[in-house]
$ cat protein.cif   # mmCIF, C-alpha atoms
data_entry
loop_
_atom_site.group_PDB
_atom_site.id
_atom_site.type_symbol
_atom_site.label_atom_id
_atom_site.label_comp_id
_atom_site.auth_asym_id
_atom_site.auth_seq_id
_atom_site.Cartn_x
_atom_site.Cartn_y
_atom_site.Cartn_z
ATOM 1 C CA MET A 187 134.275 104.909 -155.225
ATOM 2 C CA THR A 188 135.181 101.852 -153.194
ATOM 3 C CA VAL A 189 135.676 102.196 -149.437
ATOM 4 C CA GLN A 190 137.749 99.606 -147.592
ATOM 5 C CA ASP A 191 138.637 99.177 -143.934
ATOM 6 C CA GLN A 192 142.307 98.727 -143.025
ATOM 7 C CA THR A 193 141.683 95.123 -141.980
ATOM 8 C CA THR A 194 140.449 94.194 -145.461
ATOM 9 C CA THR A 195 142.675 96.395 -147.598
ATOM 10 C CA GLN A 196 144.745 94.407 -150.055
ATOM 11 C CA GLY A 197 146.373 97.524 -151.514
ATOM 12 C CA ILE A 198 148.141 100.132 -149.436
ATOM 13 C CA LYS A 199 148.940 99.829 -145.758
ATOM 14 C CA LEU A 200 149.478 102.907 -143.574
ATOM 15 C CA THR A 201 151.496 102.337 -140.397
ATOM 16 C CA ASP A 202 150.253 103.752 -137.105
ATOM 17 C CA GLY A 203 153.086 106.307 -137.110
ATOM 18 C CA ALA A 204 152.173 107.491 -140.605
ATOM 19 C CA ALA A 205 148.472 107.666 -139.698
ATOM 20 C CA VAL A 206 149.274 109.841 -136.665
ATOM 21 C CA LYS A 207 151.441 112.176 -138.776
ATOM 22 C CA VAL A 208 148.825 112.457 -141.530
ATOM 23 C CA GLY A 209 146.140 113.133 -138.913
ATOM 24 C CA SER A 210 148.319 115.863 -137.396
ATOM 25 C CA LEU A 211 148.940 117.478 -140.785
ATOM 26 C CA LEU A 212 145.239 117.338 -141.614
ATOM 27 C CA ALA A 213 144.399 118.990 -138.285
ATOM 28 C CA GLN A 214 146.837 121.806 -139.135
ATOM 29 C CA GLU A 215 145.019 122.348 -142.441
ATOM 30 C CA GLY A 216 141.793 122.904 -140.517
ATOM 31 C CA ARG A 217 139.660 121.234 -143.169
ATOM 32 C CA ASP A 218 137.603 118.083 -142.804
ATOM 33 C CA ASP A 219 137.182 117.398 -146.540
ATOM 34 C CA LEU A 220 140.789 116.399 -147.268
ATOM 35 C CA ARG A 221 142.230 112.901 -147.652
ATOM 36 C CA LEU A 222 145.724 111.646 -148.343
ATOM 37 C CA ARG A 223 145.972 110.738 -152.018
ATOM 38 C CA ILE A 224 148.744 108.386 -153.084
ATOM 39 C CA ALA A 225 149.368 108.153 -156.803
ATOM 40 C CA VAL A 226 151.944 106.803 -159.236
ATOM 41 C CA GLN A 227 152.919 109.030 -162.156
ATOM 42 C CA PRO A 228 155.393 108.667 -165.023
ATOM 43 C CA GLY A 229 158.704 110.355 -164.267
ATOM 44 C CA GLY A 230 161.799 110.199 -162.156
ATOM 45 C CA CYS A 231 165.029 108.512 -163.119
ATOM 46 C CA SER A 232 163.540 105.001 -162.835
ATOM 47 C CA GLY A 233 160.372 105.597 -164.858
ATOM 48 C CA LEU A 234 157.658 106.016 -162.192
ATOM 49 C CA LYS A 235 157.385 108.272 -159.168
ATOM 50 C CA TYR A 236 155.165 108.456 -156.113
ATOM 51 C CA GLN A 237 152.966 111.421 -155.309
ATOM 52 C CA LEU A 238 151.504 112.002 -151.846
ATOM 53 C CA TYR A 239 149.258 115.009 -151.332
ATOM 54 C CA PHE A 240 146.034 116.118 -149.701
ATOM 55 C CA ASP A 241 143.040 116.095 -152.012
ATOM 56 C CA GLU A 242 139.365 116.888 -151.665
ATOM 57 C CA ARG A 243 138.398 115.433 -155.054
ATOM 58 C CA GLN A 244 136.562 112.172 -155.561
ATOM 59 C CA MET A 245 137.241 110.500 -158.899
ATOM 60 C CA ASP A 246 135.441 107.598 -160.474
ATOM 61 C CA GLY A 247 137.130 104.351 -159.484
ATOM 62 C CA ASP A 248 138.901 105.764 -156.409
ATOM 63 C CA ILE A 249 139.749 103.242 -153.727
ATOM 64 C CA VAL A 250 139.412 104.725 -150.246
ATOM 65 C CA SER A 251 140.920 103.005 -147.223
ATOM 66 C CA ASP A 252 140.372 104.100 -143.628
ATOM 67 C CA PHE A 253 143.229 103.866 -141.136
ATOM 68 C CA GLY A 254 141.985 104.943 -137.721
ATOM 69 C CA GLY A 255 140.041 107.887 -139.100
ATOM 70 C CA VAL A 256 142.629 108.830 -141.733
ATOM 71 C CA GLN A 257 141.364 108.239 -145.245
ATOM 72 C CA VAL A 258 143.840 107.244 -147.947
ATOM 73 C CA VAL A 259 142.753 107.468 -151.584
ATOM 74 C CA THR A 260 144.281 105.726 -154.579
ATOM 75 C CA ASP A 261 143.096 106.105 -158.161
ATOM 76 C CA LYS A 262 142.304 103.002 -160.197
ATOM 77 C CA MET A 263 145.349 103.444 -162.462
ATOM 78 C CA SER A 264 147.832 103.703 -159.547
ATOM 79 C CA SER A 265 146.323 100.915 -157.473
ATOM 80 C CA PRO A 266 148.060 97.968 -159.217
ATOM 81 C CA TYR A 267 151.480 99.625 -158.761
ATOM 82 C CA LEU A 268 150.841 100.123 -155.040
ATOM 83 C CA SER A 269 149.440 96.714 -154.139
ATOM 84 C CA GLY A 270 151.077 95.601 -150.895
ATOM 85 C CA ALA A 271 152.927 98.896 -150.366
ATOM 86 C CA THR A 272 153.459 100.139 -146.806
ATOM 87 C CA ILE A 273 153.552 103.871 -146.103
ATOM 88 C CA ASP A 274 155.463 104.847 -142.969
ATOM 89 C CA PHE A 275 156.686 108.071 -141.384
ATOM 90 C CA VAL A 276 160.230 108.244 -140.058
ATOM 91 C CA ASP A 277 161.621 110.927 -137.801
ATOM 92 C CA THR A 278 165.281 110.391 -137.056
ATOM 93 C CA ILE A 279 168.334 112.606 -136.827
ATOM 94 C CA GLU A 280 169.240 111.583 -140.390
ATOM 95 C CA LYS A 281 165.859 111.686 -142.092
ATOM 96 C CA GLN A 282 162.325 112.908 -141.625
ATOM 97 C CA GLY A 283 159.464 112.127 -143.952
ATOM 98 C CA PHE A 284 157.218 109.520 -145.442
ATOM 99 C CA THR A 285 158.714 106.319 -146.796
ATOM 100 C CA ILE A 286 157.149 103.765 -149.141
ATOM 101 C CA ASP A 287 158.092 100.105 -148.997
ATOM 102 C CA ASN A 288 156.687 98.683 -152.210
ATOM 103 C CA PRO A 289 157.110 94.960 -152.963
ATOM 104 C CA SER A 290 155.763 95.588 -156.492
ATOM 105 C CA ALA A 291 158.777 97.745 -157.380
ATOM 106 C CA THR A 292 161.458 95.767 -159.173
ATOM 107 C CA GLY A 293 164.055 98.495 -158.741
ATOM 108 C CA SER A 294 164.487 102.094 -157.685
ATOM 109 C CA CYS A 295 166.859 104.996 -158.107
ATOM 110 C CA ALA A 296 169.479 105.930 -155.557
ATOM 111 C CA CYS A 297 167.401 108.777 -154.138
ATOM 112 C CA GLY A 298 164.402 106.485 -153.582
ATOM 113 C CA ASP A 299 161.920 108.877 -155.201
ATOM 114 C CA SER A 300 161.217 106.790 -158.273
ATOM 115 C CA PHE A 301 160.900 103.113 -159.144
ATOM 116 C CA HIS A 302 160.155 100.627 -161.906
#
$ encode --input "protein.cif" --output "structure tokens"
Amino acid sequence: MTVQDQTTTQGIKLTDGAAVKVGSLLAQEGRDDLRLRIAVQPGGCSGLKYQLYFDERQMDGDIVSDFGGVQVVTDKMSSPYLSGATIDFVDTIEKQGFTIDNPSATGSCACGDSFH
């Protein structure tokens, strides 16, 4: 497992707003062993889809980044697809949820849930 600080992370970036929301959700869970795992899996209409979920597992090759006390984990297979990606949380009248701005994606579907 590799642990990186947000100032040296070359992979995923978590905005302050997203870190606050993740921290709030983790506090609601009432467990201190969970981290936000971000993965890329085959599927969706564009070929690949994002998965964000809380996970207590530690897998060989995991990359762990700390963003103000919020730990974000990426597996070694997903990491290249997420290099430079920014995870944000939006809360507007039109939309609420996490968004991923990924410069590695060459295209995405209309719903924004999958990419290639």
$ resolve_selection --input "protein.cif" --expression "the PyMOL selection byres ((chain A and resi 224) around 6)" --output "ChimeraX atom specification"
/A:223,225,237-238,260
$ residues_around --input "protein.cif" --residues "Val208 in chain A" --least-positions-apart "6" --cutoff "10 Å" --atoms "all atoms listed in the file" --output "ChimeraX atom specification"
/A:200,202,214,221-222,240,256-258,275,284
$ residues_around --input "protein.cif" --residues "Asp274 in chain A" --least-positions-apart "4" --cutoff "6 Å" --atoms "only C-alpha atoms" --output "ChimeraX atom specification"
/A:201,204,284-285
$ closest_residue --input "protein.cif" --among "A:Lys207, A:Arg217, A:Lys199, A:Arg243" --to "Leu268 in chain A" --atoms "only C-alpha atoms"
A:Lys199
$ axis_aligned_box --input "protein.cif" --around "range 214-227 of chain A" --padding-each-side "6 Å" --output "JSON"
{"center_x": 145.1, "center_y": 114.9, "center_z": -150.6, "size_x": 27.7, "size_y": 28.1, "size_z": 35.0}
$ decode --input "protein.cif" --residues "range 277-293 of chain A" --atoms "N, CA and C atoms" --output "PDB file, in the first residue's frame"
ATOM      1  N   ASP A 277     -23.957  20.716  -5.088  1.00  0.00           N
ATOM      2  CA  ASP A 277     -25.254  20.744  -4.424  1.00  0.00           C
ATOM      3  C   ASP A 277     -25.991  21.979  -4.916  1.00  0.00           C
ATOM      4  N   THR A 278     -26.711  21.790  -6.024  1.00  0.00           N
ATOM      5  CA  THR A 278     -27.461  22.885  -6.609  1.00  0.00           C
ATOM      6  C   THR A 278     -28.926  22.472  -6.709  1.00  0.00           C
ATOM      7  N   ILE A 279     -29.749  23.389  -7.159  1.00  0.00           N
ATOM      8  CA  ILE A 279     -31.167  23.082  -7.322  1.00  0.00           C
ATOM      9  C   ILE A 279     -31.383  22.037  -8.422  1.00  0.00           C
ATOM     10  N   GLU A 280     -30.458  21.961  -9.367  1.00  0.00           N
ATOM     11  CA  GLU A 280     -30.583  21.024 -10.481  1.00  0.00           C
ATOM     12  C   GLU A 280     -29.949  19.671 -10.219  1.00  0.00           C
ATOM     13  N   LYS A 281     -28.898  19.655  -9.390  1.00  0.00           N
ATOM     14  CA  LYS A 281     -28.129  18.417  -9.247  1.00  0.00           C
ATOM     15  C   LYS A 281     -27.460  18.366  -7.882  1.00  0.00           C
ATOM     16  N   GLN A 282     -27.415  17.177  -7.327  1.00  0.00           N
ATOM     17  CA  GLN A 282     -26.660  16.965  -6.095  1.00  0.00           C
ATOM     18  C   GLN A 282     -25.915  15.650  -6.239  1.00  0.00           C
ATOM     19  N   GLY A 283     -24.626  15.685  -5.958  1.00  0.00           N
ATOM     20  CA  GLY A 283     -23.843  14.462  -6.000  1.00  0.00           C
ATOM     21  C   GLY A 283     -22.393  14.725  -6.345  1.00  0.00           C
ATOM     22  N   PHE A 284     -21.654  13.644  -6.405  1.00  0.00           N
ATOM     23  CA  PHE A 284     -20.241  13.723  -6.733  1.00  0.00           C
ATOM     24  C   PHE A 284     -20.070  13.788  -8.240  1.00  0.00           C
ATOM     25  N   THR A 285     -19.112  14.595  -8.678  1.00  0.00           N
ATOM     26  CA  THR A 285     -18.780  14.692 -10.086  1.00  0.00           C
ATOM     27  C   THR A 285     -17.298  14.347 -10.256  1.00  0.00           C
ATOM     28  N   ILE A 286     -16.959  13.832 -11.423  1.00  0.00           N
ATOM     29  CA  ILE A 286     -15.569  13.480 -11.725  1.00  0.00           C
ATOM     30  C   ILE A 286     -15.173  14.170 -13.012  1.00  0.00           C
ATOM     31  N   ASP A 287     -14.173  15.027 -12.914  1.00  0.00           N
ATOM     32  CA  ASP A 287     -13.597  15.679 -14.087  1.00  0.00           C
ATOM     33  C   ASP A 287     -12.303  14.939 -14.388  1.00  0.00           C
ATOM     34  N   ASN A 288     -12.310  14.169 -15.463  1.00  0.00           N
ATOM     35  CA  ASN A 288     -11.195  13.282 -15.761  1.00  0.00           C
ATOM     36  C   ASN A 288     -10.560  13.643 -17.107  1.00  0.00           C
ATOM     37  N   PRO A 289      -9.366  14.255 -17.081  1.00  0.00           N
ATOM     38  CA  PRO A 289      -8.705  14.607 -18.341  1.00  0.00           C
ATOM     39  C   PRO A 289      -8.234  13.386 -19.132  1.00  0.00           C
ATOM     40  N   SER A 290      -8.188  12.215 -18.500  1.00  0.00           N
ATOM     41  CA  SER A 290      -7.778  10.995 -19.205  1.00  0.00           C
ATOM     42  C   SER A 290      -8.895  10.414 -20.059  1.00  0.00           C
ATOM     43  N   ALA A 291     -10.128  10.818 -19.796  1.00  0.00           N
ATOM     44  CA  ALA A 291     -11.270  10.306 -20.570  1.00  0.00           C
ATOM     45  C   ALA A 291     -11.301  10.989 -21.930  1.00  0.00           C
ATOM     46  N   THR A 292     -11.389  10.188 -22.976  1.00  0.00           N
ATOM     47  CA  THR A 292     -11.440  10.753 -24.322  1.00  0.00           C
ATOM     48  C   THR A 292     -12.862  11.004 -24.780  1.00  0.00           C
ATOM     49  N   GLY A 293     -13.832  10.493 -24.045  1.00  0.00           N
ATOM     50  CA  GLY A 293     -15.230  10.706 -24.367  1.00  0.00           C
ATOM     51  C   GLY A 293     -16.088  10.120 -23.266  1.00  0.00           C
TER      52      GLY A 293
END
